[in-house]
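Peer 1: Contents of final-v6.txt (compact mmCIF, C-alpha atoms) are below:
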```
# COMPACT_ATOMS: atom_id res chain seq x y z
CA MET A 2 -11.79 11.45 10.58
CA LEU A 3 -11.79 8.24 8.61
CA ARG A 4 -9.64 5.52 10.03
CA ASN A 5 -7.49 3.88 7.46
CA THR A 6 -7.92 0.27 8.35
CA LEU A 7 -4.57 -1.11 7.30
CA THR A 8 -2.15 1.70 8.02
CA ALA A 9 -3.83 2.76 11.27
CA ALA A 10 -4.03 -0.75 12.73
CA SER A 11 -1.60 -1.56 15.50
CA HIS A 12 -2.18 -5.31 15.30
CA ILE A 13 -3.27 -7.26 12.25
CA ALA A 14 -3.86 -10.99 12.56
CA VAL A 15 -3.94 -13.32 9.56
CA GLU A 16 -5.93 -16.49 10.14
CA GLY A 17 -7.29 -19.45 8.26
CA PRO A 18 -6.81 -23.18 7.82
CA ILE A 19 -3.52 -24.99 7.31
CA GLY A 20 -1.95 -24.32 3.92
CA VAL A 21 -4.04 -21.30 3.02
CA GLY A 22 -1.06 -18.92 3.05
CA LYS A 23 -1.24 -17.16 6.43
CA THR A 24 2.48 -16.99 7.01
CA SER A 25 3.29 -15.83 3.49
CA LEU A 26 0.74 -13.06 3.67
CA ALA A 27 1.92 -12.09 7.16
CA HIS A 28 5.47 -11.78 5.83
CA ARG A 29 4.37 -9.65 2.93
CA LEU A 30 2.15 -7.41 5.07
CA ALA A 31 4.88 -6.92 7.66
CA SER A 32 7.29 -5.84 4.97
CA HIS A 33 4.66 -3.56 3.47
CA LEU A 34 3.80 -1.92 6.79
CA ASP A 35 7.31 -2.03 8.27
CA ALA A 36 5.72 -4.01 11.07
CA GLN A 37 6.94 -6.52 13.64
CA LEU A 38 6.15 -10.07 12.68
CA LEU A 39 4.85 -12.60 15.17
CA LEU A 40 4.73 -16.10 13.72
CA GLU A 41 3.66 -19.45 15.04
CA GLN A 42 6.33 -22.09 15.07
CA PRO A 43 4.46 -25.33 14.45
CA GLU A 44 7.72 -27.08 13.57
CA ARG A 45 8.80 -26.51 17.16
CA ASN A 46 5.86 -28.43 18.54
CA PRO A 47 7.50 -31.77 19.39
CA PHE A 48 4.25 -33.68 18.91
CA ILE A 49 2.99 -32.30 15.63
CA SER A 50 4.41 -34.96 13.27
CA ARG A 51 3.17 -37.75 15.48
CA PHE A 52 -0.21 -36.03 15.76
CA TYR A 53 -0.72 -36.29 12.02
CA GLU A 54 0.25 -39.97 12.19
CA ASP A 55 -1.97 -40.84 15.14
CA GLN A 56 -4.36 -38.06 16.00
CA GLU A 57 -6.19 -39.76 18.83
CA ARG A 58 -3.06 -40.61 20.71
CA PHE A 59 -1.19 -37.34 20.36
CA ALA A 60 -3.99 -34.76 20.22
CA LEU A 61 -3.83 -33.69 23.85
CA ALA A 62 -0.05 -33.37 23.98
CA THR A 63 -0.10 -31.45 20.70
CA GLN A 64 -2.79 -29.11 21.96
CA LEU A 65 -1.08 -28.38 25.25
CA ALA A 66 2.25 -27.77 23.53
CA PHE A 67 0.57 -25.33 21.11
CA LEU A 68 -1.25 -23.56 23.91
CA LEU A 69 1.95 -22.98 25.87
CA GLN A 70 3.81 -21.91 22.76
CA ARG A 71 1.14 -19.44 21.69
CA ILE A 72 0.90 -17.89 25.14
CA ASP A 73 4.67 -17.65 25.23
CA ARG A 74 4.83 -16.03 21.79
CA LEU A 75 2.28 -13.41 22.76
CA ARG A 76 4.05 -12.69 26.05
CA SER A 77 7.34 -12.20 24.26
CA LEU A 78 6.03 -9.10 22.53
CA PRO A 79 7.37 -5.75 23.52
CA PRO A 80 4.49 -3.40 24.33
CA PRO A 81 3.47 -1.41 21.25
CA GLU A 82 4.31 1.88 22.96
CA VAL A 83 7.92 0.69 23.21
CA ASP A 84 8.37 -0.59 19.71
CA GLY A 85 6.19 1.93 17.93
CA ARG A 86 5.72 -0.29 14.92
CA PRO A 87 2.52 -2.20 14.22
CA LEU A 88 2.34 -5.96 14.65
CA VAL A 89 1.39 -8.61 12.12
CA SER A 90 0.72 -12.12 13.42
CA ASP A 91 -0.17 -15.32 11.61
CA PHE A 92 -2.49 -16.55 14.35
CA LEU A 93 -5.12 -15.62 16.87
CA LEU A 94 -4.92 -17.20 20.31
CA GLU A 95 -8.55 -18.22 19.88
CA LYS A 96 -7.49 -20.79 17.29
CA ASP A 97 -6.14 -22.87 20.13
CA ALA A 98 -9.58 -23.54 21.57
CA LEU A 99 -10.93 -24.03 18.07
CA PHE A 100 -8.53 -26.88 17.38
CA ALA A 101 -8.99 -28.32 20.87
CA LEU A 102 -12.66 -28.74 20.16
CA LEU A 103 -11.85 -30.57 16.94
CA THR A 104 -9.14 -32.90 18.07
CA LEU A 105 -9.82 -33.78 21.71
CA THR A 106 -12.22 -36.26 23.22
CA ALA A 107 -14.75 -34.92 25.72
CA ASP A 108 -12.74 -35.75 28.81
CA GLU A 109 -9.47 -34.54 27.28
CA HIS A 110 -11.21 -31.34 26.33
CA GLU A 111 -12.35 -30.86 29.89
CA LEU A 112 -8.74 -31.24 31.04
CA TYR A 113 -7.57 -28.82 28.35
CA ARG A 114 -10.23 -26.33 29.44
CA GLN A 115 -9.04 -26.49 33.04
CA VAL A 116 -5.44 -25.92 32.00
CA TYR A 117 -6.51 -23.02 29.80
CA GLU A 118 -8.47 -21.41 32.61
CA ASN A 119 -5.61 -21.80 35.03
CA LEU A 120 -3.20 -20.16 32.64
CA ALA A 121 -5.82 -17.51 31.90
CA PRO A 122 -4.13 -16.17 28.78
CA GLN A 123 -5.29 -12.78 27.60
CA PRO A 124 -6.32 -13.12 23.99
CA VAL A 125 -4.80 -10.21 22.13
CA ARG A 126 -7.45 -8.23 20.37
CA PRO A 127 -6.26 -7.21 16.94
CA ASP A 128 -7.63 -4.15 15.11
CA LEU A 129 -8.07 -6.17 11.98
CA VAL A 130 -8.31 -9.84 11.10
CA ILE A 131 -7.66 -11.14 7.62
CA TYR A 132 -9.35 -14.50 7.34
CA LEU A 133 -8.13 -16.53 4.40
CA GLN A 134 -10.27 -19.23 2.85
CA ALA A 135 -9.73 -21.87 0.21
CA ARG A 136 -11.30 -25.17 -0.74
CA PRO A 137 -9.87 -28.27 0.99
CA GLU A 138 -8.55 -29.54 -2.36
CA THR A 139 -6.65 -26.30 -2.83
CA LEU A 140 -5.28 -26.47 0.70
CA LEU A 141 -4.17 -30.03 0.19
CA ALA A 142 -2.44 -29.17 -3.07
CA ARG A 143 -0.54 -26.35 -1.36
CA ILE A 144 0.44 -28.51 1.59
CA ARG A 145 1.74 -31.18 -0.77
CA LYS A 146 3.61 -28.54 -2.74
CA ARG A 147 5.41 -27.10 0.25
CA GLY A 148 6.31 -30.65 1.23
CA ARG A 149 6.82 -30.28 4.96
CA ASP A 150 7.56 -33.68 6.33
CA MET A 151 5.37 -33.26 9.38
CA GLU A 152 2.34 -32.40 7.22
CA ARG A 153 2.65 -35.34 4.86
CA ARG A 154 -0.19 -37.25 6.51
CA ILE A 155 -2.80 -34.50 6.44
CA ASP A 156 -5.81 -35.52 4.37
CA ASP A 157 -8.64 -33.58 2.84
CA ALA A 158 -11.19 -34.92 5.33
CA TYR A 159 -9.26 -33.30 8.17
CA LEU A 160 -8.82 -30.10 6.15
CA GLY A 161 -12.55 -30.03 5.46
CA VAL A 162 -13.33 -30.24 9.17
CA VAL A 163 -10.76 -27.55 9.98
CA SER A 164 -12.15 -25.25 7.27
CA ASP A 165 -15.69 -25.71 8.55
CA SER A 166 -14.62 -24.90 12.09
CA TYR A 167 -12.94 -21.72 10.92
CA MET A 168 -16.08 -20.73 9.06
CA ARG A 169 -18.23 -21.26 12.13
CA PHE A 170 -15.72 -19.46 14.34
CA PHE A 171 -15.58 -16.38 12.14
CA HIS A 172 -19.30 -16.40 11.63
CA ALA A 173 -19.59 -15.56 15.33
CA TYR A 174 -16.40 -13.53 15.73
CA ASP A 175 -17.00 -9.86 16.46
CA ALA A 176 -13.92 -8.76 18.41
CA ALA A 177 -12.42 -7.02 15.37
CA PRO A 178 -13.29 -6.17 11.77
CA VAL A 179 -12.73 -9.19 9.53
CA MET A 180 -11.72 -9.14 5.90
CA VAL A 181 -12.66 -12.51 4.47
CA VAL A 182 -10.46 -13.35 1.52
CA ASN A 183 -11.25 -16.15 -0.88
CA CYS A 184 -7.76 -17.24 -1.94
CA GLU A 185 -8.83 -19.37 -4.90
CA ASN A 186 -8.08 -16.86 -7.64
CA ILE A 187 -5.67 -14.53 -5.97
CA ASP A 188 -1.95 -14.85 -5.48
CA PHE A 189 -0.72 -12.08 -3.23
CA VAL A 190 2.62 -13.77 -2.68
CA ASP A 191 3.94 -13.84 -6.21
CA SER A 192 1.78 -11.17 -7.81
CA ASP A 193 2.38 -7.52 -6.89
CA ASP A 194 -0.88 -6.57 -8.58
CA ASP A 195 -2.86 -9.01 -6.45
CA PHE A 196 -1.17 -7.82 -3.28
CA GLN A 197 -1.88 -4.18 -4.12
CA LEU A 198 -5.48 -5.07 -4.89
CA LEU A 199 -5.81 -6.71 -1.48
CA VAL A 200 -4.25 -3.67 0.21
CA ARG A 201 -6.68 -1.37 -1.58
CA ARG A 202 -9.63 -3.48 -0.59
CA ILE A 203 -8.59 -3.50 3.04
CA GLU A 204 -7.98 0.24 3.04
CA GLY A 205 -11.44 0.70 1.61
CA MET A 206 -13.10 -1.40 4.33
CA ARG A 207 -15.92 0.41 6.06
CA GLY A 208 -17.86 -2.34 7.78
CA GLN A 209 -17.10 -4.93 10.43
CA ARG A 210 -16.96 -7.61 7.81
CA GLU A 211 -16.14 -7.58 4.15
CA PHE A 212 -15.55 -10.21 1.54
CA PHE A 213 -12.87 -10.19 -1.07
CA ASN A 214 -13.76 -12.70 -3.69
CA ARG A 215 -12.30 -12.48 -7.13
CA GLY A 216 -13.99 -14.56 -9.78
CA GLU A 217 -11.97 -16.34 -12.41
CA MET B 98 33.80 19.97 -7.09
CA THR B 99 34.36 16.55 -8.50
CA GLU B 100 31.72 14.58 -6.61
CA SER B 101 28.71 13.58 -8.63
CA ALA B 102 25.27 14.91 -7.81
CA HIS B 103 22.57 12.67 -6.39
CA LEU B 104 18.83 13.04 -6.54
CA ALA B 105 17.18 12.97 -3.12
CA PHE B 106 13.57 13.39 -2.06
CA VAL B 107 12.69 14.81 1.33
CA ALA B 108 9.28 14.87 3.01
CA LEU B 109 8.41 17.98 4.99
CA GLY B 110 5.74 18.05 7.66
CA ALA B 111 4.55 20.43 10.35
CA ASN B 112 1.51 20.77 12.55
CA LEU B 113 2.33 23.43 15.10
CA ALA B 114 2.68 27.19 15.07
CA GLU B 115 1.40 28.14 11.63
CA PRO B 116 2.41 24.96 9.85
CA VAL B 117 1.96 26.44 6.39
CA ALA B 118 4.53 29.10 7.18
CA GLN B 119 6.77 26.48 8.79
CA VAL B 120 6.80 24.26 5.73
CA ARG B 121 7.40 27.18 3.40
CA ALA B 122 10.27 28.34 5.59
CA ALA B 123 11.62 24.79 5.70
CA GLY B 124 11.61 24.77 1.91
CA GLU B 125 13.84 27.82 1.98
CA ALA B 126 16.06 26.15 4.55
CA LEU B 127 16.43 23.15 2.25
CA ALA B 128 17.41 25.49 -0.55
CA GLY B 129 20.25 26.65 1.70
CA LEU B 130 21.64 23.18 2.52
CA PRO B 131 25.36 22.85 1.89
CA HIS B 132 26.47 21.12 -1.33
CA SER B 133 22.85 20.82 -2.40
CA ARG B 134 20.36 22.52 -4.64
CA LEU B 135 16.63 22.57 -4.21
CA LEU B 136 15.26 21.41 -7.53
CA GLN B 137 11.59 21.46 -6.77
CA MET B 138 8.97 21.78 -4.06
CA SER B 139 5.54 20.19 -4.33
CA SER B 140 2.35 21.95 -3.41
CA LEU B 141 1.41 21.93 0.24
CA TYR B 142 -1.03 19.26 1.39
CA ARG B 143 -3.27 19.33 4.40
CA THR B 144 -3.93 16.06 6.32
CA ALA B 145 -5.77 15.26 9.51
CA PRO B 146 -3.23 13.86 12.01
CA VAL B 147 -2.90 10.11 12.55
CA GLY B 148 -2.96 8.61 16.02
CA ILE B 149 -3.80 11.50 18.30
CA ARG B 150 -7.06 13.36 18.28
CA GLY B 151 -7.54 17.04 18.91
CA GLN B 152 -4.36 18.12 17.21
CA PRO B 153 -4.16 20.63 14.41
CA ASP B 154 -3.91 19.41 10.82
CA PHE B 155 -0.60 18.45 9.36
CA ILE B 156 0.85 20.35 6.45
CA ASN B 157 3.07 18.27 4.22
CA ALA B 158 5.11 18.63 1.10
CA VAL B 159 7.92 16.85 -0.74
CA ALA B 160 11.10 18.45 -2.02
CA ALA B 161 13.53 17.23 -4.65
CA LEU B 162 17.18 17.98 -4.00
CA SER B 163 20.29 17.61 -6.01
CA THR B 164 23.10 16.98 -3.58
CA THR B 165 26.70 15.87 -3.42
CA LEU B 166 26.31 14.98 0.25
CA ALA B 167 26.40 11.30 1.14
CA PRO B 168 23.12 9.91 2.53
CA GLN B 169 24.24 10.11 6.16
CA GLN B 170 25.59 13.63 5.66
CA LEU B 171 22.33 14.70 4.11
CA LEU B 172 20.41 13.17 7.01
CA ASP B 173 22.61 15.05 9.49
CA ALA B 174 22.03 18.28 7.57
CA LEU B 175 18.26 17.65 7.76
CA PHE B 176 18.54 17.14 11.54
CA VAL B 177 20.28 20.48 11.81
CA VAL B 178 17.38 22.16 10.01
CA GLU B 179 14.86 20.31 12.21
CA ARG B 180 16.62 21.45 15.34
CA ARG B 181 16.75 25.00 14.10
CA PHE B 182 12.98 24.85 13.79
CA GLY B 183 12.77 23.50 17.32
CA ARG B 184 11.37 20.05 16.75
CA ARG B 185 10.20 18.45 19.95
CA ARG B 186 10.86 14.77 20.50
CA ASP B 187 8.94 14.46 23.76
CA PHE B 188 7.08 11.30 22.85
CA PRO B 189 6.41 9.32 19.69
CA GLN B 190 3.94 11.06 17.37
CA ALA B 191 4.17 14.24 19.47
CA PRO B 192 3.23 17.46 17.74
CA ARG B 193 6.23 18.77 15.94
CA THR B 194 7.33 22.08 14.67
CA LEU B 195 9.04 20.55 11.68
CA ASP B 196 9.61 17.01 10.56
CA LEU B 197 12.00 16.19 7.74
CA ASP B 198 12.26 12.65 6.40
CA LEU B 199 14.70 11.48 3.83
CA LEU B 200 12.57 9.40 1.46
CA LEU B 201 14.82 8.44 -1.41
CA TYR B 202 18.42 8.89 -2.38
CA ASP B 203 18.81 7.93 -6.02
CA GLN B 204 17.66 4.31 -6.10
CA LEU B 205 19.72 3.39 -3.07
CA SER B 206 18.57 0.73 -0.60
CA LEU B 207 20.14 1.09 2.81
CA ASP B 208 19.35 -0.38 6.21
CA SER B 209 21.45 0.99 9.02
CA GLU B 210 20.60 1.98 12.54
CA GLN B 211 20.51 5.66 11.65
CA LEU B 212 18.99 5.52 8.23
CA ARG B 213 16.74 3.29 6.17
CA LEU B 214 16.32 3.91 2.49
CA PRO B 215 13.91 4.03 0.88
CA HIS B 216 11.93 5.36 3.84
CA PRO B 217 10.19 2.16 5.03
CA ARG B 218 6.70 3.64 5.35
CA MET B 219 6.66 6.24 2.59
CA HIS B 220 4.39 4.18 0.33
CA LEU B 221 1.73 4.00 3.07
CA ARG B 222 1.16 7.71 3.31
CA ALA B 223 -0.96 9.71 0.94
CA PHE B 224 0.73 12.90 2.15
CA VAL B 225 4.04 11.55 0.85
CA ILE B 226 2.95 9.70 -2.27
CA ALA B 227 0.76 12.48 -3.68
CA PRO B 228 3.29 15.33 -3.46
CA LEU B 229 6.07 13.00 -4.58
CA LEU B 230 4.14 12.03 -7.70
CA GLU B 231 3.29 15.65 -8.32
CA ILE B 232 6.96 16.49 -8.81
CA GLU B 233 8.16 13.07 -10.02
CA PRO B 234 5.34 11.19 -11.72
CA THR B 235 7.51 8.27 -12.78
CA CYS B 236 9.18 7.85 -9.40
CA ARG B 237 10.21 4.33 -8.41
CA ILE B 238 10.64 3.14 -4.85
CA PRO B 239 13.38 0.50 -4.60
CA GLY B 240 11.85 -2.82 -3.61
CA ARG B 241 8.28 -1.57 -4.01
CA GLY B 242 7.94 -0.71 -7.66
CA SER B 243 6.44 2.45 -9.02
CA ALA B 244 5.24 5.03 -6.51
CA ALA B 245 2.14 5.60 -8.63
CA ALA B 246 1.04 2.00 -8.08
CA TRP B 247 0.59 2.76 -4.38
CA LEU B 248 -1.61 5.78 -4.92
CA PRO B 249 -4.89 3.81 -5.11
CA ALA B 250 -3.99 2.03 -1.86
CA VAL B 251 -3.74 5.34 0.01
CA SER B 252 -6.62 7.04 -1.75
CA GLN B 253 -8.84 6.59 1.30
CA GLN B 254 -6.60 8.91 3.29
CA ARG B 255 -8.07 12.33 2.95
CA ILE B 256 -5.58 14.93 1.98
CA GLU B 257 -6.20 18.27 0.41
CA ARG B 258 -3.85 20.10 -1.89
CA LEU B 259 -3.55 23.69 -0.79
CA ALA B 260 -1.80 26.11 -3.07
CA PRO B 261 -0.48 25.61 -6.55
CA ARG B 262 3.09 24.58 -6.24
CA GLU B 263 5.84 27.10 -6.24
CA VAL B 264 8.41 26.32 -8.81
CA VAL B 265 11.77 26.91 -7.28
CA LYS B 266 14.47 27.83 -9.68
CA LYS B 267 13.90 25.04 -12.15
CA SER B 268 11.12 23.29 -13.93
CA SER B 269 10.12 19.68 -13.45
CA ARG B 270 12.49 18.86 -16.23
CA ALA B 271 15.31 19.69 -13.84
CA VAL B 272 14.23 16.85 -11.57
CA ARG B 273 14.33 14.36 -14.37
CA ASP B 274 17.67 15.66 -15.52
CA ALA B 275 19.19 15.62 -12.06
CA GLY B 276 19.84 11.91 -12.26
CA ARG B 277 21.79 12.40 -15.45
CA GLU B 278 23.88 15.18 -13.92
CA ARG B 279 25.73 12.51 -12.05
CA ALA B 280 27.41 11.56 -15.25
CA SER B 281 28.05 15.07 -16.50
CA ASP B 282 28.75 16.59 -13.07
CA GLU B 283 28.28 20.13 -11.86
CA THR B 284 30.33 22.98 -13.13
```
Before anything else, please render the file you have as structure tokens.
Peer 2:
Amino acid sequence: MLRNTLTAASHIAVEGPIGVGKTSLAHRLASHLDAQLLLEQPERNPFISRFYEDQERFALATQLAFLLQRIDRLRSLPPPEVDGRPLVSDFLLEKDALFALLTLTADEHELYRQVYENLAPQPVRPDLVIYLQARPETLLARIRKRGRDMERRIDDAYLGVVSDSYMRFFHAYDAAPVMVVNCENIDFVDSDDDFQLLVRRIEGMRGQREFFNRGE
Amino acid sequence: MTESAHLAFVALGANLAEPVAQVRAAGEALAGLPHSRLLQMSSLYRTAPVGIRGQPDFINAVAALSTTLAPQQLLDALFVVERRFGRRRDFPQAPRTLDLDLLLYDQLSLDSEQLRLPHPRMHLRAFVIAPLLEIEPTCRIPGRGSAAAWLPAVSQQRIERLAPREVVKKSSRAVRDAGRERASDET
């Protein structure tokens, strides 16, 4: 029997750099699939605004706060056999280590690694990952447009580094099938046609990795 | 009768004990619902079951009803039919003698503990969308647009249409007209 990737999945994770549209797509997918929604709450990280103002000083606190929050979010989930509905999340736990590597100095990272190992979180393994990509300029434009105060200081150099890290991370990622979506010419939030196209492409996935790239 | 008639769509499914016969019999049971008329039954569709391996295929169909029952009353009436067919609710996705789902009730959107309309997952299932479009090609799902737009998205799900549909009492025109009956009422 063919597995239908989207409708048969019990956990779908949407990932990608800041501003690419993870949360919006997660909302739309959850509504489409009648799924539970598990969202990050970056605004509840008490260090995040200060991190963007002074990365070096606040990186470790920001990282540790995110790590605890992400573990807590994942623990809060009712087991799938209780809820019965699938789950859509706008993050993978693995992103935590990805950002730690970017933002921490070597000795801070060693400390972070020890904390991580002591907490020993179980990364949830989704059945499907949707990895969203966009150029740093596009990300920056979207971040400016949504105008969150805490993100005001993000610059395109930082976004470029984050995007590169995501690319490297997903290059090696093999825990779940990945649909890589180039978000430059697709608007699945405001366009029903684009969203349906994305759904069709995901349903048609047969390999461990596919690319959805719509030219202009 | 002074109540106006509503157009409702019901999904039928079975995968135990001669499911083809079960779904056909369920169609007859729907025709006998109080304050309702069966306008049309789709063909039967065969699907491999989702979630659990080693179970027999599912047989599905969609029925169009004209009813003066309120949504909750209609749902209760469907439960009565399900129970008569001996549906087992042992565990989620357990094999079932008969499964009846209320898909649409006019263009009503409803979210209560007992009943959600339109059925929140109907657009994800080829075995619902295909038979629904067969009897109502222009069907719209409130909040999700035209049902036909979702057909390509479920086209990877392999379903097989079994027999040509049995036209019950009225032609497909009756389905389209049922919505208008609300204004003119039943005699």
Peer 1: Find the residues of chain B in contact range of chain A, meaning any atom within 7 Å when counting all atoms listed in the file, and list them as a PyMOL selection string.
Peer 2: chain B and resi 217-218+221+249-250+253-254
Peer 1: Env of Ser163 of chain B: 8 Å cut, atoms = only C-alpha atoms, seq-sep filter 3 positions within chain, self excluded. Answer as an MDAnalysis selection string.
Peer 2: chainID B and resid 102:105 133:136 275
Peer 1: Taking all atoms listed in the file into account, which of B:Leu195, B:Ala167, B:Ala244, B:Ala122 comes nearest Phe155 of chain B?
Peer 2: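 Closest residue, counting all atoms listed in the file: B:Leu195.
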Peer 1: Kindly indicate which residue among B:Asn112, B:Gln211, B:Gln137, B:Gln119 lies nearest to Ala161 of chain B, using all atoms listed in the file for the distances.
Peer 2: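 Closest residue, counting all atoms listed in the file: B:Gln137.
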Peer 1: Write out as a PyMOL selection string each polymer residue whose atoms come within 12 Å of Asp191 of chain A, counting all atoms listed in the file; drop sequence neighbours fewer than 4 positions from it.
Peer 2: chain A and resi 22+25-26+29+187+195-197
Peer 1: Could you work out how far atom CA of Tyr202 of chain B lies from atom CA of Thr164 of chain B, giving the answer in Å with one decimal?
Peer 2: 9.4 Å
Peer 1: Find, counting only C-alpha atoms, the residue in B:Ala223, B:Leu109, B:Cys236, B:Val178 that gets nearest to Val251 of chain B.
Peer 2: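 Answer, going by the shortest atom-to-atom distance: B:Ala223.
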Peer 1: Show which residues sit within 6 Å of His12 of chain A, as a ChimeraX atom specification. Count all atoms listed in the file, and ignore same-chain residues fewer than 4 positions away.
Peer 2: /A:87-89,127-128
Peer 1: Identify, on the basis of all atoms listed in the file, every residue whose closest approach to Leu201 of chain B does not exceed 7 Å; exclude the query and any residue fewer than 3 positions from it along the same chain; express the result as a list in words.
Peer 2: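 Here the qualifying residues turn out to be Ala105, Phe106, Gln204, Leu214, Pro215 and His216 of chain B.
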Peer 1: Please measure the separation of atom CA of Ala98 of chain A and atom CA of Arg51 of chain A, giving the value in Å to one decimal.
Peer 2: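 For atom CA of Ala98 of chain A relative to atom CA of Arg51 of chain A, the distance reads 20.0 Å.
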Peer 1: Set the distance at 9 Å and use all atoms listed in the file: which residues neighbour Asn183 of chain A once local chain neighbours fewer than 2 positions away are removed? I'd like the list as a list of chain:residue names.
Peer 2: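 So the residues in contact are A:Tyr132, A:Leu133, A:Gln134, A:Ala135, A:Val181, A:Glu185, A:Asn186, A:Ile187, A:Phe212, A:Phe213, A:Asn214, A:Arg215.
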Peer 1: B:Thr144, B:Asn157, B:Ser139, B:Ser252: which is nearest His220 of chain B, counting only C-alpha atoms?
Peer 2: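 Ranking B:Thr144, B:Asn157, B:Ser139, B:Ser252 by distance to His220 of chain B, first place goes to B:Ser252.
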Peer 1: Please measure the separation of atom CA of Thr104 of chain A and atom CA of Ala60 of chain A, giving the value in Å to one decimal.
Peer 2: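 Value for the atom CA of Thr104 of chain A-atom CA of Ala60 of chain A distance: 5.9 Å.
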